[in-house]
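Report on one structure; see the data block that follows.
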Amino acid sequence: MLSIKNLSATVGDTTILRDLSLSVKPGEVHAIMGPNGAGKSTLGNILTGREGYDVTGGSVEFDGKNLLELDTEERAREGIFLAFQYPVEIPGVSNMEFLKAAVDAKRAHHGQEELSSVEFMKLARETCKQVRMDQAFLKRGVNEGFSGGEKKRNEILQMMLLEPRLCILDETDSGLDIDALQSVSDGVNAMRTADRGFIVVTHYQRLLDYIEPDFVHVLAKGRIVKSGTKELAKELEAKGYGWLDSEVA
Amino acid sequence: MSEQVDNLIRKEYAAGFHTLIDADTLPPGLNEDVVRFISAKKGEPDWMTEWRLKAYRAWTEMAEPDWAKVKYPPIDFQKISYYSAPKSMDDKPQSLDEVDPELLATYEKLGIPLHEQEMLAGVAVDAVFDSVSVVTTFRKKLWEAGVIFCPISEAVHDYPELVKKYLGSVVPQKDNYFAALNSAVFSDGSFVYIPKGVRCPMELSTYFRINEMNTGQFERTLIVAEEGSHVSYLEGCTAPMRDENQLHAAVVELVALDNAEIKYSTVQNWYPGDAEGKGGIYNFVTKRGICHTNAKISWTQVETGSAVTWKYPSCILKGDNSVGEFYSVALTNNYQQADTGTKMIHLGKNTRSTIIAKGISAGKSDSSYRGLVRINAGAEGARNFTQCDSLLIGDQCGAHTFPYIESRNPSAIVEHEATTSRVSDDQMFLCQQRGLDAEKAVSMIVNGFCREVFRELPMEFAVEAGKLLEVSLEGSVG
């Protein structure tokens, strides 16, 4: 589904990814771990086409398409979803209006008709229940005055409605208490299907107790320095990231 | 993002066509004879001619105001024509069937059908083309409710007592330079009278169109709401695209007697000039209302057009417990400049005012909020709340706020809140990552920013305003 080969990228004069390769197949959950500044968030930003990054080498294929040639919104409509670490507010734009516009844009891209307001409302309400969000949130401005936990739940709500092929979760656990972490994880786990892939970016092993990965990769200084199963995450938790330096060297 | 924003803001001005119509246009220039000519053309009684001349004489001794934060080359008032009317209006049509089809077609093209059966249900329209009112719809139905809605040129003849009593009562001839000019040469506009206790059965609306070259448009609107009456009024404006600047200097006066309520909404879309700042309308307008006891006046404006805007719809809260409101969205793009805001003058006890002003600047434009809240000594328990928000798109535009607060009564409470923000890269990225294109993203963010004001507009027009904003922003994302 996703095939990253020898990807290198810079921001300004700084190299932030070096020769990174990663392959995600449908149904797989890949965790990307690593110390601060390793380039974890960069990977998500580059895959989604955020401005400000220059790809200097390598290739990214998504469902057979050259992903790097597509605009940000096209990648989104093709089914790549990024759950933000710090979701921004869009004051005055209701969550409902925003979500419907997003779903409509995706449907139009795939040659489907727009949902009627009534159909969409019904769908949105049902989805709210699944992530244990009060329906009142649909009427509020996008993330406007939401608590940290509410913002993250809102990300999962968007993910559920957009039904992406590939979900990238960027430090979704940051700033969440145990209850919020549980409901966010439940939402993610409910979406684990045989045809959907996940890249879960996290600093801590904790999240992986809730969302069990098939593979764990350690990212340091812009490259994957070690890959393994979920046992690797436990090892990292115990030893920290320092011991990897000697292995890389 | 700025490149995206730039492309978005560049869209064609849809109302920029010119109608080829035989017009009766006065040669450029202004003197007492011109004033007399206009008055004679309208067949006005002597008192009206004298009223105009008094204004003209005052004007000649006044200076053009220069305190606004706008820049434009000096206006040569002798190069403007002060009267232009479609020739076919000479023998005034008695019904729509007699109106020049070219004129009707112009309004169709602008999306303002004047055939009553095709109109937006429940909206009566007065259409003003250059200097004259061409048609007023639904007059009969309004008449049955006792409501008078007619061109002001007719009101001078048919309701002289009302006009004498109220014309200039809120904005005197000498009020300011442009108001004096308007008082001298105004050619038409709308007159509305709502009798005691009547709730106007439909929205009233005036649609202004400048068509001829080198003409100014000087319309005059007077709305009188008798005790306990209620009216909602909307005005819209467009003009052809031209390289020359054209002057629009209007005066609007509102009188809300005891317990009356007037809601006045404006969607202003005069030609803003091209992307290089060439052409466009100079929109120098004086709007003011007076509220008697328990009365309420609410101004809502969506200003997207004009090269230069100078406009401060205001309320004089004379009666106790009266209420003034001002809701404004002013959007400037390319080289547009807007200096707009309001004045709330609290005279009566327990008077209340609310000001919500939203300024959006894009391109190389400059937008200023200028507002005065004055609490006079007798205004016990007066209260004002002001909120001014500015939104910047791109990095070459400006937003400015000039709030003036004068409180002479210690029991008054005056609040002022202001924010300045930008359409951030993070917001754009969130929208685009969810599949929205840049254009949709910007219009959604801007519409959200304006929500508090749009919800004050009558339903049909709120949708229009949203669309207009979208068009005006085209080319702002690049």
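Residue names in the structure tokens use chain letters A, B, ... in the order shown, residue numbers from 1 in each chain, and ligand numbers from 1 in the order shown.
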Near chain B, 9 Å: chain A residue rows, closest pairs, only C-alpha atoms, as CSV:
residue,atom,partner,partner_atom,distance
A:Thr48,CA,B:Gln433,CA,6.8
A:Gly49,CA,B:Gln433,CA,8.3
A:Arg50,CA,B:Phe429,CA,6.8
A:Glu51,CA,B:Met1,CA,8.0
A:Asp71,CA,B:Gln432,CA,8.9
A:Thr72,CA,B:Gln432,CA,6.0
A:Glu73,CA,B:Gly435,CA,4.3
A:Glu74,CA,B:Gly435,CA,6.6
A:Arg75,CA,B:Gly435,CA,7.7
A:Ala76,CA,B:Gly435,CA,5.0
A:Arg77,CA,B:Gly435,CA,5.3
A:Glu78,CA,B:Gly435,CA,8.9
A:Ile80,CA,B:Gln433,CA,8.2
A:Phe81,CA,B:Gln433,CA,7.0
A:Leu82,CA,B:Gln433,CA,7.2
A:Phe84,CA,B:Leu430,CA,8.5
A:Pro87,CA,B:Leu430,CA,7.8
A:Val88,CA,B:Gln427,CA,6.2
A:Glu89,CA,B:Gln427,CA,7.3
A:Ile90,CA,B:Ile445,CA,6.5
A:Pro91,CA,B:Gly448,CA,6.0
A:Gly92,CA,B:Gly448,CA,3.9
A:Val93,CA,B:Gly448,CA,4.4
A:Ser94,CA,B:Gly448,CA,7.9
A:Phe98,CA,B:Met444,CA,8.2
A:Leu99,CA,B:Arg434,CA,8.5
A:Ala101,CA,B:Leu436,CA,7.2
A:Ala102,CA,B:Arg434,CA,5.5
A:Val103,CA,B:Gly435,CA,8.0
A:Asp104,CA,B:Gly435,CA,8.9
A:Ala105,CA,B:Gly435,CA,5.9
A:Lys106,CA,B:Gly435,CA,6.3
A:Gly141,CA,B:Gly448,CA,8.3
A:Gln158,CA,B:Arg434,CA,8.4
A:Leu162,CA,B:Arg434,CA,8.3
Got a sec: who's within 8 Å of B:Phe191, counting only C-alpha atoms, leaving out chain neighbours fewer than 4 positions off, as a ChimeraX atom specification?
/B:148-152,155,221-223
Which residues are close to A:Gly52, i.e. within 9 Å by only C-alpha atoms, leaving aside same-chain residues fewer than 6 positions away? Reply as a list in words.
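Using only C-alpha atoms, the neighbours found are Thr10, Val11 and Gly12 of chain A.
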Nearest-residue call for B:Lys174, choices B:Ala418, B:Val453, B:Ala58, B:Ile290, using only C-alpha atoms
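For B:Lys174, the nearest of the candidates is B:Ala58.
The coordinates place atom CA of B:Ser306 at 22.6 Å from atom CA of B:Ile355.
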What does the structure give for the distance between atom CA of B:Asp395 and atom CA of A:Asn95, in Å to one decimal?
28.1 Å
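Take the candidates A:Ser183, A:Asn45, A:Ser21, A:Thr15 and check each one against A:Lys129 using only C-alpha atoms; the shortest distance goes to A:Ser183.
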All alpha helix (DSSP H) residues (DSSP, backbone) inside stretch 155-225 of chain A, as an MDAnalysis selection string
chainID A and resid 155:162 178:190 206:210
Rank nothing, just name the residue among A:Gly149, A:Gly197, A:Gly58, A:Pro164 nearest to A:Val24, using only C-alpha atoms.
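When distances to A:Val24 are compared using only C-alpha atoms, the smallest one comes from A:Gly197.
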Mind giving me the straight-line distance from atom CA of B:Arg57 to atom CA of B:Leu254 in Å, one decimal?
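Between atom CA of B:Arg57 and atom CA of B:Leu254 the gap works out to 24.9 Å.
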Of the candidates B:Gly168, B:Gly359, B:Gly236, B:Gly371, which shows the shortest atom-to-atom distance to B:Ile393, using only C-alpha atoms?
B:Gly359
Rank nothing, just name the residue among A:Gln130, A:Ser117, A:Thr202, A:Thr229 nearest to A:Asp214, using only C-alpha atoms.
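Closest to A:Asp214 of all the choices is A:Thr229.
Proximity to B:Gly319 was assessed for B:Lys278, B:Glu219, B:Pro160, B:Glu380 counting only C-alpha atoms; the smallest distance is recorded for B:Glu380.
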